[in-house]
$ cat start07.cif   # mmCIF, C-alpha atoms
data_start
loop_
_atom_site.label_atom_id
_atom_site.label_comp_id
_atom_site.auth_asym_id
_atom_site.auth_seq_id
_atom_site.Cartn_x
_atom_site.Cartn_y
_atom_site.Cartn_z
CA MET A 23 0.00 0.00 0.00
CA THR A 24 1.13 3.36 -0.79
CA ALA A 25 0.69 6.22 1.56
CA LYS A 26 -1.34 9.10 0.31
CA PRO A 27 0.60 12.31 0.34
CA GLN A 28 -0.57 14.65 3.06
CA PRO A 29 -1.80 18.07 1.97
CA PRO A 30 0.50 20.85 3.09
CA LEU A 31 -0.44 22.35 6.44
CA VAL A 32 -1.90 25.75 6.02
CA LYS A 33 -1.34 28.09 8.91
CA LYS A 34 -4.36 30.06 9.85
CA HIS A 35 -3.62 33.61 10.86
CA SER A 36 -6.15 34.20 13.61
CA GLN A 37 -5.09 37.79 14.05
CA THR A 38 -6.40 38.54 10.59
CA ASP A 39 -9.42 36.27 10.75
CA LEU A 40 -12.01 38.35 12.61
CA VAL A 41 -14.57 35.55 13.00
CA SER A 42 -11.94 33.26 14.54
CA ARG A 43 -10.87 35.94 17.01
CA LEU A 44 -14.46 36.64 18.09
CA LYS A 45 -15.13 32.92 18.57
CA THR A 46 -11.96 32.51 20.63
CA ARG A 47 -12.78 35.48 22.84
CA LYS A 48 -16.33 34.22 23.32
CA ILE A 49 -15.10 30.77 24.36
CA LEU A 50 -12.66 32.36 26.82
CA GLY A 51 -15.38 34.64 28.15
CA VAL A 52 -13.35 37.73 27.44
CA GLY A 53 -14.50 40.99 25.90
CA GLY A 54 -18.11 40.87 27.00
CA LYS A 55 -19.64 43.20 29.53
CA ASP A 56 -20.20 42.08 33.10
CA ASP A 57 -23.03 43.11 35.45
CA ASP A 58 -21.34 46.44 36.20
CA GLY A 59 -21.00 47.22 32.50
CA GLU A 60 -17.25 46.72 32.63
CA VAL A 61 -15.46 45.19 29.63
CA HIS A 62 -12.75 42.73 30.61
CA ARG A 63 -9.62 42.73 28.47
CA SER A 64 -8.32 39.40 29.70
CA LYS A 65 -9.43 36.31 31.58
CA ILE A 66 -6.98 37.19 34.37
CA SER A 67 -8.61 40.57 35.00
CA GLN A 68 -11.99 38.85 34.93
CA VAL A 69 -10.96 36.26 37.53
CA LEU A 70 -9.00 38.62 39.77
CA GLY A 71 -11.42 41.46 39.39
CA ASN A 72 -10.74 45.06 38.70
CA GLU A 73 -9.30 46.69 41.78
CA MET A 74 -10.31 50.14 40.56
CA LYS A 75 -13.93 49.49 41.50
CA PHE A 76 -12.90 48.84 45.11
CA THR A 77 -10.76 51.91 45.59
CA MET A 78 -12.42 54.75 47.36
CA ARG A 79 -12.28 58.34 46.30
CA GLU A 80 -11.87 60.09 49.60
CA PRO A 81 -13.93 63.19 50.25
CA LEU A 82 -11.91 66.35 50.51
CA GLY A 83 -10.78 66.90 54.10
CA LEU A 84 -11.51 63.38 55.37
CA ARG A 85 -7.95 62.63 56.48
CA ILE A 86 -7.63 66.06 58.10
CA TRP A 87 -10.85 65.42 60.04
CA GLN A 88 -9.52 62.02 61.12
CA VAL A 89 -6.32 63.60 62.45
CA VAL A 90 -8.25 66.36 64.23
CA SER A 91 -10.57 63.76 65.80
CA ALA A 92 -7.74 61.51 66.93
CA VAL A 93 -5.84 64.45 68.47
CA MET A 94 -8.99 65.80 70.12
CA PHE A 95 -9.93 62.43 71.64
CA SER A 96 -6.36 61.90 72.86
CA VAL A 97 -6.06 65.35 74.46
CA VAL A 98 -9.41 65.14 76.27
CA ALA A 99 -8.59 61.59 77.42
CA ILE A 100 -5.24 62.66 78.86
CA MET A 101 -6.86 65.67 80.54
CA ALA A 102 -9.54 63.42 82.07
CA LEU A 103 -6.93 60.97 83.33
CA ILE A 104 -4.51 63.56 84.76
CA PHE A 105 -6.79 66.50 85.73
CA PRO A 106 -10.28 65.06 86.37
CA ASP A 107 -11.28 67.91 88.73
CA ARG A 108 -10.37 70.64 86.29
CA LEU A 109 -12.19 68.99 83.37
CA TYR A 110 -15.39 68.66 85.41
CA GLU A 111 -15.17 72.28 86.60
CA VAL A 112 -14.78 73.59 83.05
CA VAL A 113 -17.91 71.83 81.83
CA PHE A 114 -20.30 72.16 84.78
CA ASP A 115 -18.84 75.21 86.52
CA GLU A 116 -18.87 73.55 89.95
CA ASP A 117 -16.53 71.58 92.20
CA GLY A 118 -15.88 68.06 90.92
CA THR A 119 -13.83 66.46 93.69
CA SER A 120 -16.41 63.73 94.27
CA THR A 121 -16.40 62.68 90.60
CA LYS A 122 -12.69 61.89 90.12
CA ILE A 123 -13.15 58.18 89.52
CA SER A 124 -15.97 58.55 87.02
CA VAL A 125 -14.09 61.24 85.07
CA ARG A 126 -10.98 59.04 85.00
CA LEU A 127 -13.03 56.11 83.73
CA TYR A 128 -14.39 58.44 81.07
CA GLY A 129 -10.78 59.32 80.18
CA GLY A 130 -9.88 55.65 79.85
CA ALA A 131 -12.80 55.05 77.50
CA LEU A 132 -11.83 58.09 75.44
CA LEU A 133 -8.25 56.88 75.25
CA SER A 134 -9.51 53.58 73.83
CA ILE A 135 -11.59 55.39 71.22
CA SER A 136 -8.63 57.59 70.34
CA LEU A 137 -6.51 54.50 69.64
CA ILE A 138 -9.15 53.32 67.21
CA MET A 139 -9.15 56.75 65.57
CA TRP A 140 -5.36 56.75 65.24
CA HIS A 141 -5.36 53.32 63.60
CA ALA A 142 -8.16 54.28 61.21
CA LEU A 143 -5.82 56.90 59.76
CA TYR A 144 -3.65 54.20 58.21
CA THR A 145 -6.34 52.23 56.43
CA ALA A 146 -7.88 52.72 53.03
CA GLU A 147 -10.76 50.33 53.69
CA LYS A 148 -14.04 52.09 53.30
CA LEU A 149 -15.86 49.96 55.86
CA ILE A 150 -13.37 50.66 58.67
CA ILE A 151 -13.38 54.40 57.96
CA ARG A 152 -17.19 54.44 57.97
CA TRP A 153 -17.37 52.55 61.27
CA THR A 154 -14.97 54.96 62.96
CA LEU A 155 -16.96 57.93 61.67
CA LEU A 156 -20.19 56.33 62.91
CA THR A 157 -18.57 55.65 66.29
CA GLU A 158 -17.54 59.26 66.48
CA ALA A 159 -21.00 60.56 65.53
CA CYS A 160 -22.66 58.29 68.11
CA TYR A 161 -20.18 59.34 70.80
CA PHE A 162 -20.79 63.04 70.20
CA THR A 163 -24.56 62.52 70.13
CA VAL A 164 -24.55 60.67 73.45
CA GLN A 165 -22.22 63.28 74.95
CA PHE A 166 -24.48 66.07 73.74
CA ILE A 167 -27.54 64.47 75.36
CA VAL A 168 -25.77 63.46 78.58
CA THR A 169 -24.35 66.95 79.07
CA THR A 170 -27.59 68.74 78.17
CA VAL A 171 -29.74 66.93 80.75
CA PRO A 172 -27.82 68.05 83.90
CA LEU A 173 -27.44 71.57 82.52
CA TYR A 174 -31.19 71.73 81.89
CA GLU A 175 -31.94 70.41 85.39
CA LYS A 176 -29.59 72.97 86.91
CA GLY A 177 -31.23 75.78 85.03
CA THR A 178 -27.99 77.63 84.29
CA LEU A 179 -25.89 77.46 81.19
CA PRO A 180 -22.22 78.28 81.83
CA GLN A 181 -20.27 79.80 78.97
CA GLY A 182 -17.87 76.83 78.81
CA ALA A 183 -20.74 74.37 78.56
CA THR A 184 -22.43 76.42 75.84
CA LEU A 185 -19.27 76.46 73.75
CA LEU A 186 -18.78 72.74 74.37
CA GLN A 187 -22.33 71.90 73.27
CA LEU A 188 -22.03 74.01 70.11
CA SER A 189 -18.76 72.33 69.22
CA ARG A 190 -20.28 68.88 69.80
CA GLY A 191 -23.18 69.75 67.51
CA LEU A 192 -20.70 70.82 64.84
CA PHE A 193 -18.67 67.61 65.33
CA ILE A 194 -21.83 65.52 64.92
CA LEU A 195 -22.63 67.26 61.63
CA ILE A 196 -19.08 66.86 60.28
CA SER A 197 -18.87 63.16 61.25
CA VAL A 198 -22.25 62.36 59.71
CA TYR A 199 -21.32 64.29 56.55
CA PHE A 200 -18.12 62.29 56.07
CA TYR A 201 -19.92 59.06 56.96
CA TYR A 202 -22.35 59.56 54.09
CA GLN A 203 -19.68 60.85 51.71
CA VAL A 204 -17.51 57.77 52.25
CA GLY A 205 -20.53 55.50 51.76
CA ARG A 206 -21.63 56.99 48.46
CA LYS A 207 -21.21 54.91 45.33
CA PRO A 208 -18.55 56.31 43.02
CA ARG A 209 -19.69 57.75 39.74
CA LYS A 210 -18.75 55.84 36.57
CA MET A 211 -16.21 57.64 34.51
#
$ encode --input "start07.cif" --output "structure tokens"
Amino acid sequence: MTAKPQPPLVKKHSQTDLVSRLKTRKILGVGGKDDDGEVHRSKISQVLGNEMKFTMREPLGLRIWQVVSAVMFSVVAIMALIFPDRLYEVVFDEDGTSTKISVRLYGGALLSISLIMWHALYTAEKLIIRWTLLTEACYFTVQFIVTTVPLYEKGTLPQGATLLQLSRGLFILISVYFYYQVGRKPRKM
């Protein structure tokens, strides 16, 4: 038996054959749009995901507010731990010698919150930043209410307490503003 001669192999140039390229990309699952409307250029980017959608565009002034908050919490905590009498006198305009332990406990709690604030400065994770901002807003809200009740019962409003309450109201607004700004969905570009 004689062997039939094989026809010469013809190389197919897939880069010039458009139909072949489209079929190959469809089989690989590349080039189509995903649920977010994003077009994947390669299977690797499709499997790994596009990290750009997870990066957060920080609102202007967020990091400055985080530094100010961390410093403020730290300073008040140290004052409450070292000078509990003085801190109580500034707020309520009366002698606070009987409240040393409670003011020091307050200082310890504030020091713990300030550590959380300091560590939130070094993260880029949206969820952690939002939780610290929510913690801050809740803290200032509780402080505002807790300070207002005794001042209302007393009937007098010392100048230091008035300034403190106004600043707490401002801090609540700023924290809530950044909380919602960080949580917003980024606009598609």
$ closest_residue --input "start07.cif" --among "A:Thr154, A:Thr178, A:Thr184, A:Thr145" --to "A:Phe166" --atoms "only C-alpha atoms"
A:Thr184
$ closest_residue --input "start07.cif" --among "A:Ser124, A:Thr169, A:Thr157, A:Ser96" --to "A:Ser136" --atoms "all atoms listed in the file"
A:Ser96
$ resolve_selection --input "start07.cif" --expression "the PyMOL selection byres ((chain A and resi 192-205) around 10)" --output "PDB file with C-alpha atoms, in the coordinates of the input"
ATOM      1  CA  MET A  78     -12.420  54.750  47.360  1.00  0.00           C
ATOM      2  CA  ARG A  79     -12.280  58.340  46.300  1.00  0.00           C
ATOM      3  CA  GLU A  80     -11.870  60.090  49.600  1.00  0.00           C
ATOM      4  CA  PRO A  81     -13.930  63.190  50.250  1.00  0.00           C
ATOM      5  CA  LEU A  82     -11.910  66.350  50.510  1.00  0.00           C
ATOM      6  CA  GLY A  83     -10.780  66.900  54.100  1.00  0.00           C
ATOM      7  CA  LEU A  84     -11.510  63.380  55.370  1.00  0.00           C
ATOM      8  CA  TRP A  87     -10.850  65.420  60.040  1.00  0.00           C
ATOM      9  CA  GLN A  88      -9.520  62.020  61.120  1.00  0.00           C
ATOM     10  CA  SER A  91     -10.570  63.760  65.800  1.00  0.00           C
ATOM     11  CA  LYS A 148     -14.040  52.090  53.300  1.00  0.00           C
ATOM     12  CA  LEU A 149     -15.860  49.960  55.860  1.00  0.00           C
ATOM     13  CA  ILE A 151     -13.380  54.400  57.960  1.00  0.00           C
ATOM     14  CA  ARG A 152     -17.190  54.440  57.970  1.00  0.00           C
ATOM     15  CA  TRP A 153     -17.370  52.550  61.270  1.00  0.00           C
ATOM     16  CA  THR A 154     -14.970  54.960  62.960  1.00  0.00           C
ATOM     17  CA  LEU A 155     -16.960  57.930  61.670  1.00  0.00           C
ATOM     18  CA  LEU A 156     -20.190  56.330  62.910  1.00  0.00           C
ATOM     19  CA  THR A 157     -18.570  55.650  66.290  1.00  0.00           C
ATOM     20  CA  GLU A 158     -17.540  59.260  66.480  1.00  0.00           C
ATOM     21  CA  ALA A 159     -21.000  60.560  65.530  1.00  0.00           C
ATOM     22  CA  CYS A 160     -22.660  58.290  68.110  1.00  0.00           C
ATOM     23  CA  TYR A 161     -20.180  59.340  70.800  1.00  0.00           C
ATOM     24  CA  PHE A 162     -20.790  63.040  70.200  1.00  0.00           C
ATOM     25  CA  THR A 163     -24.560  62.520  70.130  1.00  0.00           C
ATOM     26  CA  PHE A 166     -24.480  66.070  73.740  1.00  0.00           C
ATOM     27  CA  LEU A 186     -18.780  72.740  74.370  1.00  0.00           C
ATOM     28  CA  GLN A 187     -22.330  71.900  73.270  1.00  0.00           C
ATOM     29  CA  LEU A 188     -22.030  74.010  70.110  1.00  0.00           C
ATOM     30  CA  SER A 189     -18.760  72.330  69.220  1.00  0.00           C
ATOM     31  CA  ARG A 190     -20.280  68.880  69.800  1.00  0.00           C
ATOM     32  CA  GLY A 191     -23.180  69.750  67.510  1.00  0.00           C
ATOM     33  CA  ARG A 206     -21.630  56.990  48.460  1.00  0.00           C
ATOM     34  CA  LYS A 207     -21.210  54.910  45.330  1.00  0.00           C
ATOM     35  CA  PRO A 208     -18.550  56.310  43.020  1.00  0.00           C
TER      36      PRO A 208
END
$ closest_residue --input "start07.cif" --among "A:Ala25, A:Ala92, A:Val98, A:Leu179" --to "A:Ala142" --atoms "all atoms listed in the file"
A:Ala92
$ residues_around --input "start07.cif" --residues "A:Phe95" --least-positions-apart "2" --cutoff "9 Å" --atoms "all atoms listed in the file" --output "short mmCIF file (atom, residue, chain, number, x, y, z; two decimals) with C-alpha atoms, keeping the file's coordinate frame"
data_model
loop_
_atom_site.label_atom_id
_atom_site.label_comp_id
_atom_site.auth_asym_id
_atom_site.auth_seq_id
_atom_site.Cartn_x
_atom_site.Cartn_y
_atom_site.Cartn_z
CA VAL A 90 -8.25 66.36 64.23
CA SER A 91 -10.57 63.76 65.80
CA ALA A 92 -7.74 61.51 66.93
CA VAL A 93 -5.84 64.45 68.47
CA VAL A 97 -6.06 65.35 74.46
CA VAL A 98 -9.41 65.14 76.27
CA ALA A 99 -8.59 61.59 77.42
CA ILE A 100 -5.24 62.66 78.86
CA LEU A 132 -11.83 58.09 75.44
CA LEU A 133 -8.25 56.88 75.25
CA ILE A 135 -11.59 55.39 71.22
CA SER A 136 -8.63 57.59 70.34
CA LEU A 137 -6.51 54.50 69.64
CA MET A 139 -9.15 56.75 65.57
#
$ atom_distance --input "start07.cif" --atom1 "atom CA of A:Pro172" --atom2 "atom CA of A:Gly129"
19.5 Å
$ atom_distance --input "start07.cif" --atom1 "atom CA of A:Ile104" --atom2 "atom CA of A:Tyr144"
28.2 Å
$ atom_distance --input "start07.cif" --atom1 "atom CA of A:His141" --atom2 "atom CA of A:Arg126"
22.9 Å
$ closest_residue --input "start07.cif" --among "A:Lys26, A:Trp140, A:Ile123, A:Gly182" --to "A:Met94" --atoms "only C-alpha atoms"
A:Trp140
